[in-house]
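So this block is query00.txt, compact mmCIF, C-alpha atoms and all ligand atoms:
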```
# COMPACT_ATOMS: atom_id res chain seq x y z
CA MET S 3 0.00 0.00 0.00
CA VAL S 4 1.22 3.52 -0.73
CA ASP S 5 0.72 5.98 2.12
CA PHE S 6 1.88 9.57 1.78
CA SER S 7 0.88 10.68 5.28
CA LEU S 8 3.66 11.35 7.78
CA THR S 9 3.84 9.59 11.14
CA GLU S 10 3.74 11.65 14.34
CA GLU S 11 7.51 11.27 14.70
CA GLN S 12 8.15 12.35 11.11
CA THR S 13 5.86 15.36 11.54
CA SER S 14 7.64 16.45 14.71
CA LEU S 15 11.09 16.03 13.07
CA ARG S 16 9.94 18.15 10.12
CA ASP S 17 8.45 20.78 12.43
CA MET S 18 11.60 20.91 14.54
CA ALA S 19 13.72 21.43 11.41
CA ARG S 20 11.26 24.05 10.11
CA LYS S 21 11.41 25.96 13.41
CA PHE S 22 15.22 25.87 13.43
CA ALA S 23 15.36 26.96 9.78
CA LYS S 24 12.95 29.86 10.30
CA GLY S 25 14.30 30.99 13.65
CA GLU S 26 18.05 30.43 13.31
CA MET S 27 18.95 30.16 9.62
CA ALA S 28 16.60 32.39 7.63
CA PRO S 29 17.39 35.64 9.51
CA HIS S 30 21.09 35.29 8.59
CA ALA S 31 20.78 33.81 5.09
CA ALA S 32 21.03 37.05 3.09
CA GLU S 33 23.89 38.45 5.18
CA CYS S 34 25.93 35.22 5.00
CA ASP S 35 25.29 35.03 1.26
CA ARG S 36 26.40 38.61 0.69
CA ALA S 37 29.51 38.38 2.87
CA GLY S 38 30.38 34.77 2.06
CA ARG S 39 30.34 34.18 5.83
CA PHE S 40 30.56 30.67 7.30
CA PRO S 41 28.14 30.94 10.26
CA GLU S 42 29.75 28.46 12.61
CA GLU S 43 27.46 29.52 15.50
CA ILE S 44 24.46 28.26 13.48
CA TYR S 45 26.19 24.98 12.64
CA ARG S 46 26.97 24.45 16.32
CA LYS S 47 23.27 24.95 17.15
CA ALA S 48 22.34 22.50 14.38
CA TRP S 49 24.70 19.96 15.96
CA GLU S 50 23.13 20.55 19.41
CA LEU S 51 19.68 19.79 17.97
CA GLY S 52 20.92 16.57 16.34
CA LEU S 53 20.60 17.96 12.80
CA MET S 54 24.16 17.27 11.76
CA ASN S 55 25.04 13.56 11.80
CA LEU S 56 21.64 12.39 10.63
CA ASN S 57 22.85 9.12 9.09
CA VAL S 58 25.05 7.97 11.98
CA PRO S 59 23.31 5.15 13.88
CA THR S 60 22.31 5.84 17.48
CA GLU S 61 24.70 3.14 18.75
CA PHE S 62 27.53 5.46 17.65
CA GLY S 63 25.76 8.52 19.09
CA GLY S 64 24.20 9.86 15.88
CA SER S 65 20.59 10.62 14.99
CA GLY S 66 20.20 7.24 13.26
CA LEU S 67 17.47 8.45 10.93
CA GLY S 68 16.24 6.75 7.80
CA LEU S 69 16.82 8.49 4.49
CA PHE S 70 13.15 9.53 4.31
CA GLU S 71 13.36 11.38 7.63
CA GLN S 72 16.69 12.91 6.56
CA CYS S 73 15.00 14.24 3.43
CA LEU S 74 12.14 15.81 5.43
CA ILE S 75 14.72 17.68 7.51
CA VAL S 76 16.97 18.67 4.61
CA GLU S 77 14.08 20.15 2.62
CA GLU S 78 13.07 22.36 5.55
CA LEU S 79 16.63 23.56 6.17
CA SER S 80 17.18 24.28 2.51
CA ARG S 81 14.00 26.38 2.32
CA ALA S 82 15.79 28.80 4.61
CA CYS S 83 19.31 28.57 3.13
CA ALA S 84 20.73 25.93 0.79
CA GLY S 85 24.30 27.05 1.47
CA MET S 86 24.02 26.51 5.22
CA THR S 87 22.26 23.21 4.53
CA THR S 88 25.18 22.04 2.40
CA SER S 89 27.57 22.62 5.29
CA ILE S 90 25.21 21.01 7.81
CA ILE S 91 24.73 17.81 5.76
CA ALA S 92 28.35 17.53 4.60
CA ASN S 93 29.07 15.34 7.63
CA CYS S 94 26.54 12.79 6.34
CA LEU S 95 28.46 12.59 3.04
CA ALA S 96 31.88 12.48 4.68
CA LEU S 97 31.00 9.94 7.37
CA GLU S 98 29.07 7.57 5.08
CA PRO S 99 32.29 5.85 3.82
CA ILE S 100 33.06 4.99 7.46
CA LEU S 101 29.56 3.55 7.90
CA LEU S 102 29.88 1.54 4.69
CA GLY S 103 33.51 0.43 4.85
CA GLY S 104 34.56 0.70 8.49
CA THR S 105 34.88 -2.05 11.07
CA ASP S 106 33.02 -1.68 14.38
CA GLU S 107 36.26 -0.55 16.02
CA GLN S 108 36.78 2.12 13.33
CA LYS S 109 33.17 3.27 13.57
CA HIS S 110 33.46 3.80 17.32
CA ARG S 111 36.89 5.42 17.14
CA LEU S 112 36.16 7.68 14.17
CA LEU S 113 32.48 8.54 14.66
CA ASP S 114 32.28 8.98 18.45
CA PRO S 115 33.99 12.41 18.43
CA PHE S 116 31.44 13.73 15.92
CA CYS S 117 28.58 12.73 18.13
CA ALA S 118 30.22 13.76 21.43
CA SER S 119 30.82 17.34 20.31
CA TYR S 120 30.63 19.64 17.27
CA HIS S 121 33.08 18.61 14.55
CA LEU S 122 33.03 18.81 10.77
CA ALA S 123 34.17 16.20 8.27
CA SER S 124 34.84 16.45 4.53
CA PHE S 125 34.47 13.98 1.67
CA CYS S 126 37.53 14.15 -0.61
CA LEU S 127 36.98 12.50 -3.99
CA THR S 128 37.07 15.23 -6.67
CA GLU S 129 40.43 16.39 -8.05
CA PRO S 130 41.49 19.36 -10.18
CA SER S 131 42.09 17.13 -13.21
CA GLY S 132 38.65 15.55 -13.09
CA GLY S 133 35.50 15.05 -11.04
CA SER S 134 33.06 13.13 -13.21
CA ASP S 135 35.58 10.42 -14.11
CA ALA S 136 36.13 9.39 -10.50
CA GLY S 137 37.93 6.19 -11.58
CA SER S 138 40.83 8.22 -12.97
CA LEU S 139 41.75 10.05 -9.76
CA LYS S 140 45.47 10.74 -9.31
CA THR S 141 46.07 11.17 -5.57
CA ARG S 142 48.58 8.42 -4.79
CA ALA S 143 48.63 6.03 -1.83
CA ARG S 144 51.88 4.16 -1.22
CA ARG S 145 52.16 1.46 1.43
CA ASP S 146 55.06 1.99 3.85
CA GLY S 147 55.05 -0.55 6.70
CA ASP S 148 52.02 -0.01 8.89
CA HIS S 149 51.20 3.28 7.14
CA TYR S 150 50.12 4.56 3.74
CA VAL S 151 51.68 7.74 2.39
CA LEU S 152 49.25 10.02 0.53
CA ASP S 153 50.27 12.57 -2.11
CA GLY S 154 47.88 14.63 -4.24
CA GLU S 155 45.28 17.34 -4.29
CA LYS S 156 41.51 17.33 -3.88
CA CYS S 157 39.28 20.25 -4.86
CA PHE S 158 35.77 21.68 -4.29
CA ILE S 159 35.83 20.18 -0.80
CA THR S 160 32.83 21.26 1.30
CA ASN S 161 33.88 22.38 4.80
CA GLY S 162 37.50 21.72 3.74
CA PRO S 163 38.99 24.61 5.74
CA PHE S 164 37.17 23.64 8.95
CA ALA S 165 37.06 19.83 8.93
CA SER S 166 38.73 17.76 11.61
CA LEU S 167 38.52 14.55 9.55
CA TYR S 168 38.76 13.88 5.81
CA THR S 169 37.53 10.75 4.06
CA VAL S 170 39.95 10.48 1.18
CA PHE S 171 40.05 8.35 -1.96
CA ALA S 172 43.51 7.63 -3.37
CA THR S 173 45.00 5.17 -5.84
CA LEU S 174 47.72 2.57 -5.34
CA ASP S 175 48.24 2.48 -9.11
CA PRO S 176 46.33 4.72 -11.57
CA SER S 177 46.65 2.09 -14.32
CA LEU S 178 44.32 -0.14 -12.26
CA ARG S 179 41.61 2.59 -12.47
CA HIS S 180 38.76 1.86 -10.06
CA LYS S 181 40.33 -1.42 -8.85
CA GLY S 182 43.31 0.51 -7.43
CA ILE S 183 41.30 3.03 -5.39
CA VAL S 184 41.49 2.88 -1.59
CA ALA S 185 39.42 4.81 0.98
CA PHE S 186 41.00 6.37 4.08
CA ALA S 187 39.93 8.37 7.14
CA VAL S 188 42.55 11.07 7.56
CA PRO S 189 42.59 13.27 10.70
CA ARG S 190 43.33 16.91 9.99
CA GLU S 191 46.26 16.99 12.42
CA THR S 192 48.13 14.44 10.24
CA HIS S 193 51.40 16.01 9.13
CA GLY S 194 51.16 16.85 5.41
CA VAL S 195 47.42 17.59 5.33
CA VAL S 196 47.09 21.11 3.93
CA PRO S 197 43.62 22.67 3.51
CA GLY S 198 43.65 25.49 0.95
CA LYS S 199 42.00 28.89 1.04
CA GLU S 200 38.24 29.27 0.77
CA GLU S 201 36.90 29.58 -2.78
CA GLU S 202 34.71 32.53 -3.83
CA LYS S 203 31.51 30.89 -5.09
CA MET S 204 28.47 32.01 -7.08
CA GLY S 205 26.02 30.47 -4.58
CA HIS S 206 26.02 28.41 -1.37
CA ARG S 207 28.13 31.22 0.01
CA ALA S 208 27.42 30.34 3.66
CA SER S 209 29.22 27.07 3.03
CA ALA S 210 33.01 26.88 2.85
CA THR S 211 34.75 25.17 -0.07
CA SER S 212 38.49 24.68 -0.54
CA THR S 213 41.21 22.46 -1.89
CA VAL S 214 42.90 19.96 0.42
CA ARG S 215 46.43 18.84 -0.38
CA PHE S 216 48.15 15.72 0.89
CA GLU S 217 51.92 16.13 0.95
CA GLY S 218 53.44 12.87 2.11
CA ALA S 219 50.63 12.49 4.67
CA ARG S 220 51.21 9.29 6.68
CA VAL S 221 47.95 7.51 7.45
CA PRO S 222 47.95 4.38 9.65
CA VAL S 223 46.71 1.16 8.03
CA ALA S 224 44.16 1.15 10.87
CA ASN S 225 42.49 4.11 9.10
CA ARG S 226 42.00 2.34 5.78
CA LEU S 227 38.27 1.84 5.18
CA GLY S 228 37.48 -1.56 3.67
CA ALA S 229 39.88 -3.63 1.59
CA GLU S 230 42.47 -2.10 -0.76
CA THR S 231 40.23 -2.88 -3.74
CA GLU S 232 37.04 -1.48 -2.25
CA GLY S 233 37.55 2.29 -2.34
CA PHE S 234 35.70 2.98 -5.60
CA SER S 235 32.72 0.88 -4.58
CA ILE S 236 32.60 2.68 -1.20
CA ALA S 237 32.62 6.06 -3.00
CA MET S 238 29.83 5.01 -5.38
CA ARG S 239 27.69 3.48 -2.65
CA THR S 240 28.17 6.62 -0.55
CA LEU S 241 26.88 8.78 -3.40
CA ASP S 242 23.92 6.43 -3.92
CA GLN S 243 22.94 7.29 -0.32
CA THR S 244 23.63 11.01 -0.38
CA ARG S 245 22.22 12.03 -3.77
CA THR S 246 18.65 11.60 -2.50
CA PRO S 247 19.06 14.30 0.20
CA ILE S 248 20.41 16.57 -2.55
CA GLY S 249 17.03 15.98 -4.23
CA ALA S 250 15.47 17.16 -0.94
CA LEU S 251 17.78 20.18 -0.80
CA ALA S 252 16.76 21.14 -4.33
CA THR S 253 13.09 20.61 -3.43
CA GLY S 254 13.57 23.04 -0.52
CA ILE S 255 14.96 25.67 -2.91
CA ALA S 256 11.97 25.17 -5.25
CA GLN S 257 9.53 25.43 -2.32
CA ALA S 258 11.14 28.69 -1.20
CA ALA S 259 10.95 30.06 -4.75
CA LEU S 260 7.25 29.20 -5.04
CA ASP S 261 6.52 30.63 -1.56
CA HIS S 262 8.16 33.95 -2.43
CA ALA S 263 6.59 34.15 -5.91
CA ALA S 264 3.05 33.33 -4.72
CA ASP S 265 3.29 35.77 -1.83
CA TYR S 266 4.69 38.56 -4.01
CA SER S 267 2.08 37.97 -6.72
CA LYS S 268 -0.70 38.73 -4.25
CA ARG S 269 0.90 41.99 -3.14
CA ARG S 270 2.13 43.38 -6.46
CA GLN S 271 -0.49 45.28 -8.49
CA THR S 272 -0.53 45.88 -12.25
CA PHE S 273 -3.39 46.93 -14.50
CA GLY S 274 -5.46 47.67 -11.40
CA LYS S 275 -5.27 44.27 -9.70
CA PRO S 276 -2.78 41.93 -7.99
CA ILE S 277 -0.63 40.13 -10.57
CA SER S 278 -1.86 36.82 -9.05
CA GLU S 279 -5.14 37.57 -10.83
CA HIS S 280 -3.47 37.60 -14.24
CA GLN S 281 -3.53 34.25 -16.01
CA ALA S 282 0.06 34.77 -17.22
CA ILE S 283 1.20 34.63 -13.58
CA GLN S 284 -1.23 31.87 -12.57
CA ILE S 285 0.12 29.62 -15.32
CA LYS S 286 3.67 30.21 -14.09
CA LEU S 287 2.71 29.41 -10.47
CA ALA S 288 0.86 26.26 -11.57
CA ASP S 289 3.89 25.02 -13.53
CA MET S 290 6.19 25.83 -10.62
CA ALA S 291 3.93 23.93 -8.21
CA GLN S 292 3.87 20.87 -10.48
CA ALA S 293 7.65 20.78 -10.84
CA LEU S 294 8.06 21.16 -7.08
CA HIS S 295 5.55 18.44 -6.30
CA ALA S 296 7.11 15.99 -8.78
CA ALA S 297 10.58 16.70 -7.35
CA ARG S 298 9.38 15.97 -3.83
CA LEU S 299 7.61 12.75 -4.83
CA LEU S 300 10.64 11.44 -6.74
CA THR S 301 12.84 12.27 -3.75
CA TRP S 302 10.49 10.58 -1.30
CA GLN S 303 10.31 7.49 -3.48
CA ALA S 304 14.10 7.25 -3.77
CA ALA S 305 14.40 7.58 0.01
CA TRP S 306 11.72 4.93 0.52
CA THR S 307 13.49 2.56 -1.91
CA ILE S 308 16.82 2.84 -0.09
CA ASP S 309 15.17 2.66 3.35
CA HIS S 310 13.62 -0.62 2.20
CA GLY S 311 17.04 -2.12 1.53
CA GLN S 312 17.18 -1.78 -2.24
CA PRO S 313 20.33 -0.30 -3.85
CA GLY S 314 18.55 2.79 -5.17
CA SER S 315 21.26 3.95 -7.64
CA LEU S 316 18.63 4.63 -10.29
CA GLU S 317 16.12 6.26 -7.96
CA SER S 318 18.64 8.49 -6.19
CA ALA S 319 20.13 9.64 -9.51
CA MET S 320 16.62 10.43 -10.80
CA ALA S 321 15.69 12.32 -7.62
CA LYS S 322 18.88 14.40 -7.59
CA CYS S 323 18.78 15.14 -11.31
CA PHE S 324 15.07 15.92 -11.63
CA ALA S 325 14.77 17.92 -8.43
CA SER S 326 17.82 20.10 -9.15
CA ASP S 327 16.67 20.76 -12.74
CA ALA S 328 13.22 21.58 -11.32
CA ALA S 329 14.72 23.93 -8.71
CA MET S 330 16.52 25.82 -11.50
CA ARG S 331 13.31 26.20 -13.51
CA VAL S 332 11.21 27.20 -10.49
CA ALA S 333 13.79 29.72 -9.23
CA ASP S 334 14.06 31.16 -12.74
CA GLU S 335 10.28 31.58 -12.95
CA ALA S 336 10.18 33.11 -9.46
CA ILE S 337 12.56 35.82 -10.70
CA GLN S 338 10.28 36.38 -13.70
CA VAL S 339 7.26 36.79 -11.40
CA PHE S 340 9.19 39.41 -9.42
CA GLY S 341 10.23 41.13 -12.67
CA GLY S 342 13.03 43.68 -12.26
CA TYR S 343 12.93 43.35 -8.48
CA GLY S 344 13.71 39.65 -8.82
CA TYR S 345 17.05 40.56 -10.37
CA MET S 346 17.97 42.74 -7.40
CA LYS S 347 19.92 41.47 -4.44
CA ASP S 348 17.51 43.22 -2.05
CA TYR S 349 14.97 40.52 -2.90
CA PRO S 350 15.42 36.85 -2.00
CA VAL S 351 14.85 35.07 -5.31
CA GLU S 352 18.10 35.67 -7.25
CA LYS S 353 19.96 33.82 -4.46
CA LEU S 354 17.71 30.81 -5.03
CA LEU S 355 18.75 30.59 -8.69
CA ARG S 356 22.45 30.79 -7.75
CA ASP S 357 21.95 28.13 -5.07
CA ALA S 358 19.93 25.84 -7.36
CA LYS S 359 22.75 25.86 -9.93
CA LEU S 360 25.15 24.00 -7.64
CA ALA S 361 22.61 21.24 -7.05
CA GLN S 362 22.87 20.45 -10.79
CA ILE S 363 26.64 20.11 -10.46
CA TYR S 364 27.77 18.67 -7.12
CA GLU S 365 27.53 15.06 -5.91
CA GLY S 366 27.83 14.14 -9.58
CA SER S 367 26.77 16.49 -12.37
CA ASN S 368 23.31 15.94 -13.83
CA GLU S 369 24.99 14.61 -16.98
CA ILE S 370 26.55 11.88 -14.79
CA GLN S 371 23.15 11.22 -13.19
CA ARG S 372 21.68 10.68 -16.65
CA ILE S 373 24.49 8.23 -17.46
CA VAL S 374 23.76 6.32 -14.23
CA ILE S 375 20.03 6.32 -15.04
CA ALA S 376 20.55 5.14 -18.62
CA ARG S 377 22.96 2.36 -17.59
CA GLU S 378 20.60 1.06 -14.89
CA LEU S 379 17.67 1.31 -17.24
CA LEU S 380 19.35 -0.46 -20.14
CA ALA S 381 20.63 -3.23 -17.87
CA ARG S 382 17.00 -4.07 -17.14
CA TYR S 383 16.40 -4.72 -20.83
CA ALA S 384 19.30 -7.18 -21.13
N1 LIG A 1 27.63 0.88 -6.27
C1 LIG A 1 28.57 -0.10 -6.19
N2 LIG A 1 29.49 -0.33 -7.15
C2 LIG A 1 29.43 0.44 -8.24
C3 LIG A 1 28.49 1.46 -8.40
C4 LIG A 1 27.55 1.66 -7.37
N3 LIG A 1 26.61 2.62 -7.45
N4 LIG A 1 28.69 2.06 -9.59
C5 LIG A 1 29.73 1.43 -10.17
N5 LIG A 1 30.18 0.45 -9.35
C6 LIG A 1 31.24 -0.51 -9.60
C7 LIG A 1 30.95 -1.28 -10.89
O1 LIG A 1 30.14 -2.41 -10.64
C8 LIG A 1 32.35 -1.67 -11.36
O2 LIG A 1 32.80 -2.77 -10.58
P1 LIG A 1 33.41 -4.09 -11.30
O3 LIG A 1 34.58 -3.64 -12.11
O4 LIG A 1 33.78 -4.96 -10.15
O5 LIG A 1 32.33 -4.63 -12.16
C9 LIG A 1 33.18 -0.47 -10.95
O6 LIG A 1 32.46 0.19 -9.88
C10 LIG A 1 33.41 0.52 -12.06
O7 LIG A 1 32.15 0.92 -12.53
P2 LIG A 1 31.96 1.66 -13.91
O8 LIG A 1 32.63 0.86 -15.00
O9 LIG A 1 30.51 1.97 -14.08
O10 LIG A 1 32.81 3.00 -13.68
P3 LIG A 1 33.04 4.24 -14.60
O11 LIG A 1 34.47 4.59 -14.56
O12 LIG A 1 32.40 4.03 -15.94
O13 LIG A 1 32.29 5.45 -13.80
C11 LIG A 1 30.51 6.76 -12.93
C12 LIG A 1 31.02 5.38 -13.32
C13 LIG A 1 30.51 7.75 -14.08
C14 LIG A 1 29.06 6.51 -12.51
C15 LIG A 1 31.32 7.32 -11.73
O14 LIG A 1 32.64 7.66 -12.14
C16 LIG A 1 30.70 8.53 -11.06
O15 LIG A 1 29.73 8.40 -10.31
N6 LIG A 1 31.24 9.73 -11.31
C17 LIG A 1 30.77 10.94 -10.62
C18 LIG A 1 31.50 11.13 -9.34
C19 LIG A 1 30.81 12.13 -8.46
O16 LIG A 1 29.62 12.05 -8.22
N7 LIG A 1 31.58 13.07 -7.95
C20 LIG A 1 31.07 14.06 -7.04
C21 LIG A 1 31.81 13.94 -5.76
S1 LIG A 1 30.99 14.63 -4.40
S2 LIG A 1 30.90 16.54 -4.72
```
In structure tokens, what does this structure look like?
Ligand code: COS
Amino acid sequence: MVDFSLTEEQTSLRDMARKFAKGEMAPHAAECDRAGRFPEEIYRKAWELGLMNLNVPTEFGGSGLGLFEQCLIVEELSRACAGMTTSIIANCLALEPILLGGTDEQKHRLLDPFCASYHLASFCLTEPSGGSDAGSLKTRARRDGDHYVLDGEKCFITNGPFASLYTVFATLDPSLRHKGIVAFAVPRETHGVVPGKEEEKMGHRASATSTVRFEGARVPVANRLGAETEGFSIAMRTLDQTRTPIGALATGIAQAALDHAADYSKRRQTFGKPISEHQAIQIKLADMAQALHAARLLTWQAAWTIDHGQPGSLESAMAKCFASDAAMRVADEAIQVFGGYGYMKDYPVEKLLRDAKLAQIYEGSNEIQRIVIARELLARYA
């Protein structure tokens, strides 16, 4: 049976996230966007409320939520500020390789600090020479006794300047492509770990992004996640989990755009009546609402699929791709409803377009999502 109603627990999680987003995030969203400020005080409050390590099981001190509940929360946070949301959920992305590849000892040792107090972690896969072709990464791992030595550079790393732990993918031999890729948990204090300066970004400006270099960084074998051959699979399975919440993040942007456009359309008058009474505007709002609704349903279904133990590569790629494309369209139309004011930074909608753009690019570009979708689809016709 299909049931779209939320349980009492799901409703209270969503309401708690909505209250936090409205009360703590929204009032600072425009200022952080303008200044490119990383509002650590807000992230600390998010941690205190249990909004940060959503995917970490309760036995390791995390929130232990299913993907569906994570998506309810992420959508609400993103309605207030997608940039802050990116920084808040980056721990889920960075800690997932530990959940997927770590032993129980590693999970306790590496995850406990994140749940005991506020800490950030970063997921380090993308490199300057390529992001989409993850199998061709160049950061080298060389075994030296009971350590590995890492050399290379990662880029576009969310929370890179502030993270205390990096989950890093490196290759023992680039000619082996994905079969040579190994996953590691690398503490920031490791000698030879060098976070770069913060990038100036078009959107998500409340989130910090940097390079992270590894210059002969010695990582104990005890911090290798999974077997030497398993790194690529861990990275792919991580992204299968985390692309669905990006669908929720994009849905939150689309919801915010519709909220602003509908509200403005009732207040703005032209030709003697509110523009909401013109069919040209009504048609736009109706199309925006349909795109938003479809994005949410696809995201919910992907979350449900994964929560029910199915791999969900296809569904999460569809949710991420469709919802972020929808967020772009809806934000674009919201600007059109606002007219000239929509183009001005004094109004909230131009930020939504800049924020939506990144959702089409990160955690795998939407071109990569379409490749994943097509491969999964065609395999079913074999
Ligand atoms: N789960 C588990 N294993 C997977 C997998 C998944 N979702 N996807 C692929 N694999 C496995 C394959 O089964 C294959 O294993 P075998 O050789 O044992 O059969 C191996 O990984 C290689 O797979 P494939 O041949 O499909 O790899 P490609 O090099 O063609 O790349 C894509 C596949 C394009 C999907 C991958 O490189 C990708 O996702 N790129 C985008 C990376 C990304 O999202 N970066 C953003 C980082 S976060 S901002």
- Message: Env of Glu155 in chain S: 10 Å cut, atoms = only C-alpha atoms, seq-sep filter 6 positions within chain, self excluded. Answer as number ranges by chain.
- Response: S: 126-131, 139-142, 172, 195-198, 213-217
- Counting all atoms listed in the file, which protein, DNA or RNA residues come within 9 Å of ligand LIG 1 (chain A), given as JSON, numbers by chain? {"S": [95, 125, 126, 127, 128, 133, 134, 135, 136, 137, 138, 158, 159, 160, 179, 180, 181, 234, 235, 236, 237, 238, 239, 240, 241, 242, 245, 313, 314, 315, 316, 363, 364, 365, 366, 367, 370, 371, 373, 374, 377]}
- Message: Just want the 10 Å neighbourhood of Lys199 in chain S, counted on all atoms listed in the file, with same-chain residues fewer than 6 positions away dropped. Output as a ChimeraX atom specification.
- Response: /S:162-163,210-214
- Separation of CA of His206 in chain S from CA of Met86 in chain S in Å: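 A separation of 7.1 Å between them.
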Would you write out, as a Markdown table, a table of all residues in range 241-282 of chain S that have an atom no more than 12 Å from an atom of range 44-61 of chain S, listing for each the closest atom pair and the distance in Å to one decimal, considering only C-alpha atoms and ordering rows by chain and rising residue number?
```
| residue | atom | partner | partner_atom | distance |
| --- | --- | --- | --- | --- |
| S:Gln243 | CA | S:Asn57 | CA | 9.6 |
| S:Thr244 | CA | S:Asn57 | CA | 9.7 |
| S:Pro247 | CA | S:Leu56 | CA | 10.9 |
```
